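Asker: Handing you a structure now.
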Amino acid sequence: MAAHDGWRFGARGVRSSRREALFGGLCLCCLPTLGRSAEGFGLDEVGPGIFVRRGPDAEATPDNDDAIANIGFIVGERSVLVTESGGSLADGRWLRGQIRARTDKPISHVVLTHVHPDHCFGAEAFEADKPVFIGHHALRAALDARGEYYRTRLVEILGAEKAGRVVYPTLEVADGAEIDLGGRRLTFHAHGAAHTNCDLSMRDSASGLLFPADLLFVTRIPSLDGSLVGWLKEAEVLKAMGAEKAVPGHGPTLVAFAPAMADLTRYLGTLRDETRKALASDMPIETAVATLGRSEADKWALFDLYHGRNVTQAFKELEWE
């Protein structure tokens with residue numbers, strides 16, 4: 001995913017080396033530099049048999065186990081599904097311990113909602129259970145492109161014994177899929193490019209809860225690593241599912257879906273509209289990063305850490321319109 005010299009942006013001419021540096025490389029905003037250890041967390045029962053741990057709205061530090069995402073599990077009559085595996089082998093082991101403290105039913109499925117390490121690097125902790133690992137059809141390629149890089153960074157921060165290995169999906173969802181845990185069915189939808197290019201959402205039939213993963217950020221600023229226009233499109237897909245409550249990828253463990261999604265789409269819409277205006281006026285990218293979307297600054301945790309990257313990603317995408 002290296003930068004390419006000599007690309008052109010229509011009448012605006014050749015990309016400068018400074019802009020190349022801003023646009024090039026992997027999405028580091030979504031890789032934790034790794035708050036608080038997983039051992040300091042509890043689980044909320046957000047619905048009958050549905051347990052979720054809230055990740056903190058904080059930049060991660062070497063003291064935690066990359067335990068910054070909302071992760072949890074769903075207990076059916078026959079077996080258990082893991083909604084997110086955790087951010088490291090250590091985090092995954094913590095989650096597996098929480099499952100075993102509540103039920104001895106087999107862990108039959110583990111969901112890998114997208115490529116970012118805080119959501120998928122706990123998968124190794126469940127391999128001995130021989131579950132079906134469920135992922136978007138584009139996740140394998142995304143892990144091939146980024147997985148070892150992410151692992152290397154996690155090893156540098158956590159140590160090899162805690163980091164975890166890259167685990168690939170064994171059930172790749174091309175459009176939709178459905179599984180039955182006994183008494184509750186889980187329906188999966190593979191989304192187009194949005195937060196990433198491999199976002200998977202899930203709906204539980206028994207509770208009606210929607211699990212949009214990182215297609216829904218609450219309180220913590222969204223991070224753009226796929227397509228801004230696509231994310232707004234996929235937000236409409238999620239709205240059409242008709243869920244009243246949702247478990248977001250980051251934020252409170254259970255939220256009213258409509259107002260939470262309205263906050264997200266307001267931010268994304270502001271980013272889109274102001275970026276388009278900046279491009280139309282030939283605003284330099286450095287000025288855009290410093291000025292666009294500032295009306296959202298007091299509405300999101302970690303705004304100053306991640307918003308600039310979002311502006312850069314928006315410029316990269318929208319300059320081709």
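Chain labels A, B, ... are given in the sequence in which chains occur in the structure tokens; within each chain residues are numbered consecutively from 1, and ligands are likewise numbered from 1 in the order shown.
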What's around region 48-50 of chain A at 8 Å? Count only C-alpha atoms, leave out sequence neighbours fewer than 4 positions away in its own chain, and write the answer as a list in words.
Answerer: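 My reading of the contact set: Gly72, Phe73, Ile74, Val75, Gly76 and Ser207 of chain A.
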Asker: Would you mind exporting the chosen residues as a tab-separated table (two decimals), in the first residue's frame, restricted to N, CA and C atoms?
Answerer:
chain	number	residue	atom	x	y	z
A	72	GLY	N	-17.92	-9.25	23.02
A	72	GLY	CA	-18.82	-10.00	23.86
A	72	GLY	C	-19.25	-11.31	23.24
A	73	PHE	N	-20.39	-11.85	23.70
A	73	PHE	CA	-20.84	-13.15	23.22
A	73	PHE	C	-22.35	-13.29	23.40
A	74	ILE	N	-22.92	-14.22	22.65
A	74	ILE	CA	-24.35	-14.51	22.65
A	74	ILE	C	-24.53	-15.99	22.94
A	75	VAL	N	-25.36	-16.32	23.90
A	75	VAL	CA	-25.60	-17.71	24.30
A	75	VAL	C	-26.92	-18.18	23.73
A	76	GLY	N	-26.87	-19.24	22.92
A	76	GLY	CA	-28.07	-19.88	22.42
A	76	GLY	C	-28.39	-21.14	23.20
A	207	SER	N	-33.55	-11.12	20.20
A	207	SER	CA	-33.64	-9.82	20.87
A	207	SER	C	-33.98	-8.68	19.93
Asker: Give me every alpha helix (DSSP H) residue in region 108-231 of chain A, going by DSSP on the backbone, as a ChimeraX atom specification.
Answerer: /A:117-120,139-158,160-163,228-231
Asker: Excluding same-chain residues fewer than 5 positions from Asn70 (chain A), what lies within 7 Å of it counting only C-alpha atoms, as a list of chain:residue names?
Answerer: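 In the requested format, the answer is A:Val52, A:Arg53, A:Arg54, A:Gly55, A:Gly249, A:His250, A:Thr253.
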Asker: To one decimal in Å, tell me the separation between CA of Thr275 (chain A) and CA of Arg294 (chain A).
Answerer: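 Going from CA of Thr275 (chain A) over to CA of Arg294 (chain A) covers 12.1 Å.
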Asker: So which residues touch region 297-310 of chain A within 6 Å, counting only C-alpha atoms, skipping near sequence neighbours fewer than 6 positions away, as a list in words?
Answerer: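 With the cut-off at 6 Å, the set is Thr219, Arg220, Ile221, Leu224 and Val289 of chain A.
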Asker: Using DSSP on the backbone coordinates, identify all residues within region 113-315 of chain A classified as strand (DSSP E); present the result as a ChimeraX atom specification.
Answerer: /A:132-136,171-173,176-180,185-190,200-204,210-217,245-250,255-256
Asker: Counting only C-alpha atoms, figure out which residue out of A:Ala290, A:Leu171, A:Leu215, A:Val46 gets nearest to Ala260 (chain A).
Answerer: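 The shortest atom-to-atom distance to Ala260 (chain A) comes from A:Leu215.
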Asker: Name all residues at most 7 Å from Val132 (chain A) (count only C-alpha atoms; drop same-chain ones fewer than 2 positions away) and give them as number ranges by chain.
Answerer: A: 108-110, 130, 134, 170-171
Asker: Which residues are close to Ala90 (chain A), i.e. within 12 Å by only C-alpha atoms, leaving aside same-chain residues fewer than 5 positions away? Reply as a PyMOL selection string.
Answerer: chain A and resi 37-39+64-67+85+95-97+118+121-126+154-155+158-165
Asker: If I take CA of Gln98 (chain A) and CA of Thr196 (chain A), how far is one from the other in Å, to one decimal?
Answerer: 28.9 Å
Asker: Kindly give the distance, in Å, that separates CA of Ser227 (chain A) and CA of Ala193 (chain A), rounded to a single decimal.
Answerer: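 Separation of CA of Ser227 (chain A) and CA of Ala193 (chain A): 5.5 Å.
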Asker: Of the residues A:Ala145, A:Ala128, A:Leu271, A:Ala314, which is the one nearest to Ser295 (chain A), using only C-alpha atoms?
Answerer: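 Among the listed residues, A:Leu271 lies closest to Ser295 (chain A).
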Asker: Tell me, as a PyMOL selection string, which residues lie within 7 Å of His137 (chain A), counting only C-alpha atoms; anything in the same chain fewer than 5 positions away does not count.
Answerer: chain A and resi 172-174
Asker: How would the residues just picked look written out with C-alpha atoms as a PDB file, in the first residue's frame?
Answerer:
ATOM      1  CA  GLU A 172     -16.767 -15.871   4.124  1.00  0.00           C
ATOM      2  CA  VAL A 173     -19.990 -13.882   3.743  1.00  0.00           C
ATOM      3  CA  ALA A 174     -20.405 -12.677   0.175  1.00  0.00           C
TER       4      ALA A 174
END
Asker: From the list A:Pro117, A:Gly230, A:Gly242, A:Gly293, which residue is nearest Gly192 (chain A) when using only C-alpha atoms?
Answerer: A:Gly230
